[in-house]
file data-v3.txt (compact mmCIF, C-alpha atoms and all ligand atoms)
# COMPACT_ATOMS: atom_id res chain seq x y z
CA MET A 1 -42.77 2.89 -28.86
CA SER A 2 -43.95 4.49 -32.08
CA PHE A 3 -46.46 3.01 -34.48
CA ARG A 4 -47.42 3.62 -38.07
CA ASN A 5 -50.84 5.31 -38.21
CA LEU A 6 -53.52 2.77 -39.03
CA ILE A 7 -56.84 4.34 -38.10
CA HIS A 8 -57.81 7.97 -38.07
CA LEU A 9 -60.97 9.18 -36.39
CA ALA A 10 -61.50 12.63 -37.87
CA GLY A 11 -64.05 14.65 -35.93
CA VAL A 12 -66.11 11.57 -35.15
CA GLY A 13 -69.09 12.43 -32.96
CA LYS A 14 -72.42 10.86 -32.10
CA SER A 15 -75.89 12.10 -31.25
CA TYR A 16 -79.09 10.16 -30.72
CA GLY A 17 -81.82 12.53 -31.85
CA ALA A 18 -81.15 15.79 -30.04
CA VAL A 19 -78.95 14.16 -27.42
CA ASN A 20 -75.21 14.41 -28.03
CA VAL A 21 -73.42 11.43 -26.44
CA LEU A 22 -69.97 11.94 -27.99
CA LYS A 23 -68.32 15.25 -28.79
CA PRO A 24 -66.20 15.13 -31.95
CA VAL A 25 -63.08 13.02 -31.40
CA ASP A 26 -59.82 13.39 -33.32
CA LEU A 27 -57.64 10.38 -32.75
CA THR A 28 -55.13 8.26 -34.57
CA ILE A 29 -54.57 4.62 -33.66
CA GLY A 30 -51.26 2.97 -34.46
CA ASP A 31 -50.70 -0.31 -36.26
CA GLY A 32 -49.93 -2.82 -33.51
CA GLU A 33 -50.85 -0.45 -30.72
CA PHE A 34 -52.67 -1.48 -27.55
CA LEU A 35 -55.03 1.45 -27.14
CA THR A 36 -57.35 1.59 -24.16
CA ILE A 37 -60.51 3.65 -23.90
CA LEU A 38 -61.05 4.35 -20.23
CA GLY A 39 -63.84 6.18 -18.49
CA PRO A 40 -66.78 5.87 -16.14
CA SER A 41 -69.99 4.15 -17.19
CA GLY A 42 -71.93 6.19 -19.75
CA SER A 43 -68.93 8.25 -20.83
CA GLY A 44 -69.15 7.10 -24.46
CA LYS A 45 -66.60 4.27 -24.64
CA THR A 46 -68.85 1.69 -26.29
CA THR A 47 -70.16 4.35 -28.67
CA ILE A 48 -66.64 4.84 -30.06
CA LEU A 49 -66.08 1.10 -30.39
CA ARG A 50 -69.44 0.55 -32.09
CA MET A 51 -68.64 3.23 -34.65
CA LEU A 52 -65.20 1.74 -35.29
CA GLY A 53 -66.73 -1.68 -35.79
CA GLY A 54 -69.47 -0.36 -38.07
CA PHE A 55 -72.31 -1.30 -35.72
CA THR A 56 -73.57 2.27 -35.65
CA PRO A 57 -72.78 5.20 -37.98
CA PRO A 58 -71.16 8.40 -36.68
CA SER A 59 -73.31 11.54 -36.73
CA THR A 60 -70.31 13.66 -37.71
CA GLY A 61 -66.81 13.00 -39.01
CA ARG A 62 -65.08 10.25 -40.95
CA ILE A 63 -63.22 7.06 -40.07
CA LEU A 64 -60.15 6.26 -42.15
CA LEU A 65 -58.25 2.99 -42.31
CA ASP A 66 -54.84 3.27 -43.96
CA GLY A 67 -56.06 6.53 -45.46
CA VAL A 68 -59.19 4.92 -46.95
CA ASP A 69 -62.56 6.21 -45.82
CA ILE A 70 -64.43 3.28 -44.24
CA THR A 71 -67.16 5.32 -42.54
CA ASP A 72 -69.87 3.67 -44.62
CA MET A 73 -68.25 0.24 -44.97
CA PRO A 74 -70.48 -2.61 -43.71
CA ILE A 75 -69.42 -4.47 -40.55
CA PHE A 76 -68.36 -7.68 -42.26
CA GLU A 77 -66.19 -5.95 -44.82
CA ARG A 78 -64.08 -4.25 -42.14
CA PRO A 79 -60.92 -6.18 -41.27
CA PHE A 80 -61.93 -5.91 -37.63
CA ASN A 81 -63.18 -8.37 -35.04
CA THR A 82 -65.03 -7.68 -31.84
CA VAL A 83 -64.90 -9.43 -28.47
CA PHE A 84 -68.03 -8.64 -26.51
CA GLN A 85 -68.27 -8.63 -22.75
CA ASP A 86 -70.67 -11.59 -22.76
CA TYR A 87 -68.40 -13.40 -25.29
CA ALA A 88 -71.41 -14.25 -27.53
CA LEU A 89 -70.25 -17.85 -28.16
CA PHE A 90 -72.53 -20.24 -30.04
CA PRO A 91 -73.75 -22.63 -27.32
CA HIS A 92 -74.53 -25.50 -29.69
CA MET A 93 -71.07 -25.49 -31.28
CA SER A 94 -67.87 -27.01 -29.92
CA VAL A 95 -64.92 -24.80 -29.08
CA ALA A 96 -63.22 -25.69 -32.37
CA LYS A 97 -66.40 -24.94 -34.37
CA ASN A 98 -66.86 -21.63 -32.55
CA VAL A 99 -63.32 -20.61 -33.34
CA GLY A 100 -63.45 -21.79 -36.97
CA TYR A 101 -66.82 -20.18 -37.70
CA GLY A 102 -65.44 -16.98 -39.25
CA LEU A 103 -63.12 -18.92 -41.55
CA LYS A 104 -65.97 -21.21 -42.59
CA MET A 105 -68.12 -18.17 -43.47
CA ARG A 106 -65.21 -16.97 -45.58
CA ARG A 107 -65.31 -20.38 -47.31
CA ARG A 108 -61.73 -21.26 -46.48
CA PRO A 109 -60.70 -24.86 -47.27
CA ARG A 110 -61.28 -27.39 -44.49
CA ALA A 111 -57.58 -28.17 -44.05
CA GLU A 112 -56.73 -24.49 -43.63
CA ILE A 113 -59.53 -24.03 -41.09
CA ASP A 114 -58.36 -27.02 -39.06
CA ALA A 115 -54.76 -25.84 -39.07
CA LYS A 116 -55.57 -22.26 -38.09
CA VAL A 117 -58.02 -23.31 -35.38
CA ALA A 118 -55.39 -25.65 -33.93
CA ASP A 119 -52.88 -22.79 -34.04
CA VAL A 120 -54.96 -20.24 -32.17
CA LEU A 121 -56.27 -22.80 -29.68
CA ALA A 122 -52.63 -23.52 -28.83
CA MET A 123 -52.03 -19.77 -28.46
CA VAL A 124 -54.86 -19.42 -25.95
CA GLU A 125 -53.84 -22.68 -24.26
CA LEU A 126 -57.06 -24.53 -25.03
CA SER A 127 -55.81 -27.25 -27.37
CA ASP A 128 -57.20 -29.92 -25.06
CA LYS A 129 -60.66 -28.29 -24.96
CA ALA A 130 -61.34 -28.26 -28.73
CA GLY A 131 -64.23 -30.73 -28.45
CA ARG A 132 -65.95 -29.14 -25.45
CA TYR A 133 -69.07 -26.97 -25.57
CA PRO A 134 -69.13 -23.46 -24.07
CA ALA A 135 -71.32 -24.61 -21.15
CA GLU A 136 -68.56 -27.06 -20.17
CA LEU A 137 -65.95 -24.30 -19.78
CA SER A 138 -65.03 -21.91 -16.99
CA GLY A 139 -65.47 -18.15 -17.42
CA GLY A 140 -61.78 -17.65 -18.16
CA GLN A 141 -61.79 -20.44 -20.72
CA ARG A 142 -64.86 -19.02 -22.48
CA GLN A 143 -63.06 -15.70 -22.56
CA ARG A 144 -60.09 -17.29 -24.30
CA VAL A 145 -62.38 -19.00 -26.85
CA ALA A 146 -63.86 -15.59 -27.66
CA LEU A 147 -60.33 -14.22 -28.10
CA ALA A 148 -59.29 -17.13 -30.30
CA ARG A 149 -62.37 -16.59 -32.44
CA ALA A 150 -61.51 -12.90 -32.79
CA ILE A 151 -57.92 -13.43 -33.92
CA VAL A 152 -58.25 -16.53 -36.08
CA CYS A 153 -59.13 -14.54 -39.22
CA GLU A 154 -56.06 -12.34 -38.63
CA PRO A 155 -57.95 -9.05 -38.43
CA LYS A 156 -56.07 -5.75 -38.57
CA VAL A 157 -57.86 -4.61 -35.42
CA VAL A 158 -59.46 -6.41 -32.48
CA LEU A 159 -62.12 -4.41 -30.65
CA LEU A 160 -62.68 -5.50 -27.04
CA ASP A 161 -65.55 -4.07 -25.00
CA GLU A 162 -64.81 -4.66 -21.30
CA PRO A 163 -63.82 -8.27 -22.04
CA LEU A 164 -62.59 -8.87 -18.50
CA GLY A 165 -65.55 -7.27 -16.75
CA ALA A 166 -67.29 -10.54 -15.92
CA LEU A 167 -64.24 -12.21 -14.35
CA ASP A 168 -63.38 -12.27 -10.65
CA ALA A 169 -60.41 -10.23 -9.48
CA GLU A 170 -57.75 -12.95 -9.50
CA LEU A 171 -58.74 -14.41 -12.86
CA ARG A 172 -58.98 -10.89 -14.19
CA ARG A 173 -55.35 -10.18 -13.34
CA SER A 174 -54.09 -13.35 -14.96
CA MET A 175 -56.20 -12.63 -18.07
CA GLN A 176 -54.70 -9.13 -18.24
CA ASP A 177 -51.21 -10.60 -18.44
CA PHE A 178 -52.37 -13.22 -20.89
CA LEU A 179 -54.14 -10.75 -23.17
CA LYS A 180 -51.21 -8.36 -23.18
CA ALA A 181 -48.70 -11.13 -23.96
CA LEU A 182 -50.93 -12.42 -26.78
CA GLN A 183 -51.25 -8.93 -28.25
CA ARG A 184 -47.47 -8.44 -28.19
CA ARG A 185 -46.98 -11.76 -29.87
CA ILE A 186 -49.43 -11.28 -32.74
CA ARG A 187 -48.74 -7.51 -33.03
CA THR A 188 -52.35 -6.81 -33.91
CA THR A 189 -53.94 -3.48 -32.98
CA PHE A 190 -56.16 -3.84 -29.92
CA VAL A 191 -58.76 -1.22 -28.98
CA PHE A 192 -59.70 -2.20 -25.48
CA ILE A 193 -62.40 -0.74 -23.25
CA THR A 194 -62.26 -0.74 -19.49
CA HIS A 195 -63.45 1.37 -16.57
CA ASP A 196 -60.56 0.09 -14.42
CA GLN A 197 -57.69 2.59 -14.14
CA GLU A 198 -55.06 0.08 -13.01
CA GLU A 199 -55.98 -2.27 -15.83
CA ALA A 200 -55.59 0.58 -18.32
CA ILE A 201 -52.25 1.70 -16.89
CA SER A 202 -50.72 -1.75 -16.81
CA MET A 203 -51.81 -2.91 -20.26
CA SER A 204 -51.81 0.02 -22.65
CA ASP A 205 -49.44 1.74 -25.02
CA ARG A 206 -51.78 4.74 -24.85
CA ILE A 207 -54.96 5.53 -22.96
CA VAL A 208 -57.92 7.64 -24.09
CA VAL A 209 -59.57 9.04 -20.96
CA MET A 210 -63.27 9.81 -21.43
CA ASP A 211 -65.79 11.63 -19.30
CA HIS A 212 -69.34 12.66 -20.20
CA GLY A 213 -68.98 12.04 -23.93
CA LYS A 214 -65.73 13.96 -24.15
CA VAL A 215 -62.14 12.86 -24.59
CA GLU A 216 -60.35 14.38 -21.61
CA GLN A 217 -56.83 13.33 -22.54
CA VAL A 218 -54.91 10.91 -24.73
CA GLY A 219 -51.47 9.77 -23.71
CA THR A 220 -49.15 7.06 -22.52
CA PRO A 221 -49.92 5.65 -19.07
CA LYS A 222 -47.08 7.76 -17.64
CA ASP A 223 -48.34 10.94 -19.36
CA ILE A 224 -51.80 10.37 -18.04
CA TYR A 225 -50.54 9.62 -14.55
CA TYR A 226 -47.83 12.26 -14.17
CA ARG A 227 -48.99 14.87 -16.69
CA PRO A 228 -52.75 15.16 -16.25
CA GLN A 229 -54.20 18.12 -18.11
CA SER A 230 -57.50 18.37 -16.28
CA GLU A 231 -58.75 17.97 -12.77
CA PHE A 232 -60.85 15.00 -13.85
CA VAL A 233 -57.79 13.09 -15.08
CA ALA A 234 -55.69 14.17 -12.09
CA LYS A 235 -58.31 12.77 -9.70
CA PHE A 236 -59.24 9.70 -11.74
CA PHE A 237 -55.93 7.86 -11.24
CA GLY A 238 -54.81 7.18 -7.69
CA GLU A 239 -54.03 9.85 -5.16
CA ASN A 240 -53.06 13.34 -6.17
CA ASN A 241 -52.58 16.74 -4.54
CA ILE A 242 -54.58 19.43 -6.28
CA LEU A 243 -53.83 22.99 -5.24
CA PRO A 244 -55.31 26.29 -6.39
CA ALA A 245 -53.11 28.30 -8.73
CA ARG A 246 -53.16 31.39 -10.85
CA LEU A 247 -51.42 32.55 -13.97
CA THR A 248 -49.24 35.59 -13.34
CA ALA A 249 -49.35 38.19 -16.10
CA GLY A 250 -46.27 39.55 -17.82
CA ALA A 251 -43.83 38.79 -20.58
CA ASP A 252 -42.97 35.42 -19.05
CA PRO A 253 -46.23 34.02 -17.75
CA ALA A 254 -45.77 31.78 -14.73
CA ILE A 255 -47.93 29.74 -12.40
CA GLU A 256 -48.20 30.84 -8.80
CA SER A 257 -49.45 28.25 -6.30
CA PRO A 258 -48.96 27.27 -2.65
CA LEU A 259 -45.90 25.37 -3.95
CA GLY A 260 -44.36 28.65 -5.11
CA GLY A 261 -43.88 29.89 -8.65
CA HIS A 262 -43.29 27.67 -11.67
CA ALA A 263 -42.42 28.52 -15.22
CA LEU A 264 -45.28 27.65 -17.51
CA HIS A 265 -44.53 24.82 -19.93
CA GLY A 266 -46.87 24.55 -22.86
CA ALA A 267 -50.05 26.50 -23.41
CA ALA A 268 -51.43 28.91 -20.85
CA PRO A 269 -54.52 27.54 -19.14
CA ALA A 270 -57.85 29.11 -20.04
CA GLY A 271 -59.66 30.72 -17.13
CA THR A 272 -58.88 29.60 -13.61
CA CYS A 273 -56.38 26.84 -13.08
CA SER A 274 -54.91 24.57 -10.47
CA VAL A 275 -51.80 22.44 -10.14
CA ALA A 276 -51.38 18.77 -9.32
CA ILE A 277 -48.47 16.86 -7.86
CA ARG A 278 -48.40 13.19 -6.91
CA PRO A 279 -47.71 12.26 -3.28
CA GLU A 280 -44.71 10.20 -4.38
CA SER A 281 -43.19 13.14 -6.28
CA PHE A 282 -41.97 14.62 -3.00
CA SER A 283 -38.85 13.68 -1.14
CA LEU A 284 -37.34 14.94 2.08
CA GLY A 285 -34.44 17.35 1.76
CA GLU A 286 -33.02 20.66 2.80
CA ALA A 287 -33.13 23.71 0.54
CA ALA A 288 -29.31 23.79 0.62
CA ASN A 289 -29.21 20.54 -1.37
CA THR A 290 -31.71 21.55 -4.01
CA ALA A 291 -30.58 20.92 -7.58
CA ALA A 292 -31.58 22.88 -10.68
CA GLY A 293 -35.25 22.42 -11.50
CA GLN A 294 -35.97 21.48 -7.92
CA ARG A 295 -37.74 23.38 -5.20
CA SER A 296 -38.01 22.95 -1.51
CA MET A 297 -40.21 24.22 1.25
CA VAL A 298 -40.36 23.79 4.98
CA GLY A 299 -43.71 22.51 6.16
CA ARG A 300 -45.10 21.07 9.34
CA LEU A 301 -45.99 17.40 9.81
CA GLU A 302 -49.65 16.87 10.66
CA SER A 303 -49.97 13.13 10.43
CA LEU A 304 -48.01 10.04 9.57
CA THR A 305 -49.53 6.74 8.47
CA PHE A 306 -47.43 3.62 8.13
CA LEU A 307 -48.65 1.70 5.05
CA GLY A 308 -45.96 -0.97 4.83
CA ALA A 309 -43.44 -0.34 2.05
CA THR A 310 -44.48 3.31 2.02
CA THR A 311 -45.52 5.81 4.66
CA GLN A 312 -47.99 8.62 4.07
CA LEU A 313 -47.35 12.04 5.56
CA VAL A 314 -49.71 14.99 5.63
CA VAL A 315 -47.68 18.18 5.61
CA ARG A 316 -49.00 21.71 6.11
CA LEU A 317 -47.30 24.06 3.67
CA GLY A 318 -46.03 26.55 6.23
CA ASP A 319 -47.45 27.70 9.54
CA GLY A 320 -50.95 29.04 9.18
CA SER A 321 -51.18 27.98 5.54
CA PRO A 322 -54.64 26.71 4.60
CA HIS A 323 -53.02 24.09 2.36
CA THR A 324 -51.70 20.64 3.12
CA VAL A 325 -50.20 18.02 0.82
CA LYS A 326 -50.10 14.26 1.02
CA VAL A 327 -46.59 12.90 0.70
CA ARG A 328 -45.79 9.26 0.03
CA LEU A 329 -42.28 8.13 0.93
CA PRO A 330 -40.57 4.76 0.92
CA THR A 331 -40.67 3.84 4.61
CA PRO A 332 -36.87 3.33 4.89
CA ASP A 333 -36.33 6.95 3.69
CA LEU A 334 -37.89 8.19 6.91
CA GLY A 335 -35.00 6.86 8.98
CA GLU A 336 -35.49 7.87 12.59
CA GLY A 337 -38.57 9.70 11.44
CA VAL A 338 -40.09 13.02 12.29
CA GLY A 339 -42.61 13.76 15.01
CA ILE A 340 -46.06 15.24 14.54
CA GLY A 341 -45.88 19.03 14.69
CA GLU A 342 -42.21 19.11 13.71
CA ALA A 343 -40.79 20.87 10.68
CA VAL A 344 -40.22 18.82 7.52
CA SER A 345 -38.31 19.97 4.46
CA LEU A 346 -40.03 18.84 1.29
CA ARG A 347 -38.28 18.75 -2.04
CA TRP A 348 -39.76 18.23 -5.47
CA SER A 349 -39.03 18.77 -9.11
CA THR A 350 -40.95 21.57 -10.86
CA ALA A 351 -41.30 19.21 -13.84
CA ASP A 352 -43.56 17.04 -11.66
CA VAL A 353 -46.06 19.85 -11.16
CA SER A 354 -48.88 19.61 -13.72
CA VAL A 355 -50.95 22.64 -14.62
CA LEU A 356 -54.64 21.78 -14.88
CA ASN A 357 -57.33 23.60 -16.75
CA ALA A 358 -60.49 24.13 -14.78
P1 LIG A 401 -69.99 3.54 -21.90
O1 LIG A 401 -69.66 2.43 -22.81
O2 LIG A 401 -68.86 4.47 -21.65
O3 LIG A 401 -70.61 3.08 -20.62
P2 LIG A 401 -71.91 4.26 -23.97
O4 LIG A 401 -71.04 4.62 -25.12
O5 LIG A 401 -72.56 2.93 -24.01
O6 LIG A 401 -71.12 4.47 -22.61
O7 LIG A 401 -73.07 5.34 -23.84
C1 LIG A 401 -72.82 6.72 -23.82
C2 LIG A 401 -74.14 7.44 -23.70
O8 LIG A 401 -74.92 7.22 -24.87
C3 LIG A 401 -74.98 6.97 -22.52
O9 LIG A 401 -75.56 8.10 -21.91
C4 LIG A 401 -76.03 6.10 -23.17
O10 LIG A 401 -77.21 6.11 -22.43
C5 LIG A 401 -76.21 6.74 -24.52
N1 LIG A 401 -76.66 5.79 -25.55
C6 LIG A 401 -75.98 4.69 -25.94
N2 LIG A 401 -76.66 4.03 -26.91
C7 LIG A 401 -77.78 4.75 -27.13
C8 LIG A 401 -78.92 4.60 -28.02
N3 LIG A 401 -79.01 3.57 -28.89
N4 LIG A 401 -79.89 5.54 -27.95
C9 LIG A 401 -79.81 6.59 -27.09
N5 LIG A 401 -78.77 6.77 -26.25
C10 LIG A 401 -77.79 5.88 -26.26
MG MG A 402 -69.91 0.38 -22.52
call {"tool": "encode", "arguments": {"input": "data-v3.txt", "output": "structure tokens"}}
result
Amino acid sequence: MSFRNLIHLAGVGKSYGAVNVLKPVDLTIGDGEFLTILGPSGSGKTTILRMLGGFTPPSTGRILLDGVDITDMPIFERPFNTVFQDYALFPHMSVAKNVGYGLKMRRRPRAEIDAKVADVLAMVELSDKAGRYPAELSGGQRQRVALARAIVCEPKVVLLDEPLGALDAELRRSMQDFLKALQRRIRTTFVFITHDQEEAISMSDRIVVMDHGKVEQVGTPKDIYYRPQSEFVAKFFGENNILPARLTAGADPAIESPLGGHALHGAAPAGTCSVAIRPESFSLGEAANTAAGQRSMVGRLESLTFLGATTQLVVRLGDGSPHTVKVRLPTPDLGEGVGIGEAVSLRWSTADVSVLNA
């Protein structure tokens, strides 16, 4: 899916005194995009969101909205709304009053407020709770009130800082589906923070992966998963095989690794490098049946773990090789199976081998 550019962060960085907490970020956010900022605690996610929202000024760089510089625009003038992790509902106001508050501050006519509040309460499936107070609601319901309050003024962008963090696992999953469906329906840009990889992968159009105040990679969930550019990203999402590699010199630089040689796509890595391939990127197959762009290698089976729908194999890449790979196969593909210590022919596509910068 492609989006019209809405927001541009141009070299936006942040320091507190002498301490740099965010290296300059260059990022565009699309109109209607679901963009997730993902990273471990302390990596700088909230810092980016706070600067977008106008809660704290950047130390370097500019923020543009539709080409207009809004770096110095006060919070309440930005057509943005924020959903905080603790929801920040007014305890003494009913659900309807909480949701209508922003419209009331904007001095909208009473009839319009009532109609819009009724509309968004229907959207978040809380029409029957309009008269309740926050203390009379469950966690998931409070979450939906906070969402309704954020979208009722029809902001261009909704900023959500770990909004699902306080919910238990089951409720969290149903809120993920709910939030995503709501975002698709209203087509409003969501900038969503999480530290949960699966949540990011399942909900986002694109993911910004952060570590230690630095953007490690920006891409679609599939890019991030199958085309990691750094060891951090390769290890951050699920299981991966990371193998040492080196760049061979010459007119046609290539990558040499325990998986053999691969043409280098894209830029040459700086310094030392490694390669990554997902366990599920392998299949079983003889060299004789290898298609263009595929490679094969005979290894030796070291272990086999039945995991239900899939089975995990550990395969040594040739006798005496110091390297093994994890291989994840659909269990039915194993057929009669192979025994420990026996030879296995692995096949993979060179396109599934990512080159990582150290
Ligand atoms: P995240 O949301 O990814 O957990 P934050 O963006 O909140 O991370 O914080 C990034 C870093 O900036 C952390 O090391 C944090 O301690 C630091 N930090 C955040 N706010 C301030 C502040 N007001 N003063 C000094 N350091 C801060
Ligand atoms: Mg945070």
call {"tool": "residues_near_ligand", "arguments": {"input": "data-v3.txt", "ligand": "ligand LIG 401 (chain A)", "cutoff": "9 Å", "atoms": "all atoms listed in the file", "output": "ChimeraX atom specification"}}
result
/A:14-17,19-22,37-50,56,161-162,193-195,210-213
call {"tool": "closest_residue", "arguments": {"input": "data-v3.txt", "among": "A:Leu89, A:Val99, A:Leu160, A:Ala234", "to": "ligand MG 402 (chain A)", "atoms": "all atoms listed in the file"}}
result
A:Leu160
call {"tool": "atom_distance", "arguments": {"input": "data-v3.txt", "atom1": "CA of Pro91 in chain A", "atom2": "CA of Ala130 in chain A"}}
result
13.7 Å
call {"tool": "residues_around", "arguments": {"input": "data-v3.txt", "residues": "range 266-272 of chain A", "least_positions_apart": "2", "cutoff": "9 Å", "atoms": "all atoms listed in the file", "output": "ChimeraX atom specification"}}
result
/A:244-247,253-254,264,274,355-358
call {"tool": "write_last_selection", "arguments": {"input": "data-v3.txt", "atoms": "C-alpha atoms", "output": "PDB file, in the frame of the given file"}}
result
ATOM      1  CA  PRO A 244     -55.310  26.290  -6.390  1.00  0.00           C
ATOM      2  CA  ALA A 245     -53.110  28.300  -8.730  1.00  0.00           C
ATOM      3  CA  ARG A 246     -53.160  31.390 -10.850  1.00  0.00           C
ATOM      4  CA  LEU A 247     -51.420  32.550 -13.970  1.00  0.00           C
ATOM      5  CA  PRO A 253     -46.230  34.020 -17.750  1.00  0.00           C
ATOM      6  CA  ALA A 254     -45.770  31.780 -14.730  1.00  0.00           C
ATOM      7  CA  LEU A 264     -45.280  27.650 -17.510  1.00  0.00           C
ATOM      8  CA  SER A 274     -54.910  24.570 -10.470  1.00  0.00           C
ATOM      9  CA  VAL A 355     -50.950  22.640 -14.620  1.00  0.00           C
ATOM     10  CA  LEU A 356     -54.640  21.780 -14.880  1.00  0.00           C
ATOM     11  CA  ASN A 357     -57.330  23.600 -16.750  1.00  0.00           C
ATOM     12  CA  ALA A 358     -60.490  24.130 -14.780  1.00  0.00           C
TER      13      ALA A 358
END
call {"tool": "atom_distance", "arguments": {"input": "data-v3.txt", "atom1": "CA of Arg4 in chain A", "atom2": "CA of Ala148 in chain A"}}
result
25.1 Å
call {"tool": "atom_distance", "arguments": {"input": "data-v3.txt", "atom1": "CA of Arg328 in chain A", "atom2": "CA of Thr310 in chain A"}}
result
6.4 Å
call {"tool": "residues_around", "arguments": {"input": "data-v3.txt", "residues": "Lys326 in chain A", "least_positions_apart": "3", "cutoff": "12 Å", "atoms": "only C-alpha atoms", "output": "PyMOL selection string"}}
result
chain A and resi 239-243+276-283+299-305+311-317+323+329+346
call {"tool": "residues_around", "arguments": {"input": "data-v3.txt", "residues": "range 177-182 of chain A", "least_positions_apart": "2", "cutoff": "12 Å", "atoms": "all atoms listed in the file", "output": "PyMOL selection string"}}
result
chain A and resi 32-36+120+122-125+140-141+143-144+146-148+151+158+160+163-164+170-175+184-192+199-205
call {"tool": "residues_around", "arguments": {"input": "data-v3.txt", "residues": "Gly54 in chain A", "least_positions_apart": "2", "cutoff": "10 Å", "atoms": "only C-alpha atoms", "output": "count of residues only"}}
result
19
call {"tool": "closest_residue", "arguments": {"input": "data-v3.txt", "among": "A:Gly341, A:Ala309, A:Gly165, A:Ile7", "to": "ligand MG 402 (chain A)", "atoms": "only C-alpha atoms and all ligand atoms"}}
result
A:Gly165
call {"tool": "decode", "arguments": {"input": "data-v3.txt", "residues": "range 30-64 of chain A", "atoms": "C-alpha atoms", "output": "compact mmCIF listing (two decimals), in the first residue's frame"}}
result
# COMPACT_ATOMS: atom_id res chain seq x y z
CA GLY A 30 2.03 8.50 5.22
CA ASP A 31 -1.50 9.85 5.35
CA GLY A 32 -3.62 6.96 6.63
CA GLU A 33 -0.64 4.82 7.50
CA PHE A 34 -0.43 2.59 10.58
CA LEU A 35 3.15 3.23 11.63
CA THR A 36 4.59 1.41 14.61
CA ILE A 37 7.61 2.46 16.62
CA LEU A 38 9.07 -0.69 18.12
CA GLY A 39 12.01 -1.14 20.42
CA PRO A 40 13.13 -2.15 23.88
CA SER A 41 12.46 0.04 26.90
CA GLY A 42 14.57 3.21 26.87
CA SER A 43 15.26 3.07 23.14
CA GLY A 44 13.66 6.46 22.47
CA LYS A 45 10.14 5.55 21.31
CA THR A 46 8.24 7.89 23.62
CA THR A 47 10.74 10.66 22.88
CA ILE A 48 9.76 10.56 19.19
CA LEU A 49 6.05 10.56 20.03
CA ARG A 50 6.41 13.43 22.49
CA MET A 51 8.17 15.53 19.88
CA LEU A 52 5.51 14.73 17.28
CA GLY A 53 2.79 15.71 19.71
CA GLY A 54 4.55 18.91 20.73
CA PHE A 55 5.06 17.86 24.35
CA THR A 56 8.80 18.37 24.09
CA PRO A 57 10.84 20.26 21.47
CA PRO A 58 13.47 18.51 19.33
CA SER A 59 17.09 19.48 19.95
CA THR A 60 17.87 19.24 16.24
CA GLY A 61 15.84 19.04 13.04
CA ARG A 62 12.37 20.08 11.92
CA ILE A 63 8.94 18.46 11.86
CA LEU A 64 6.80 19.14 8.80
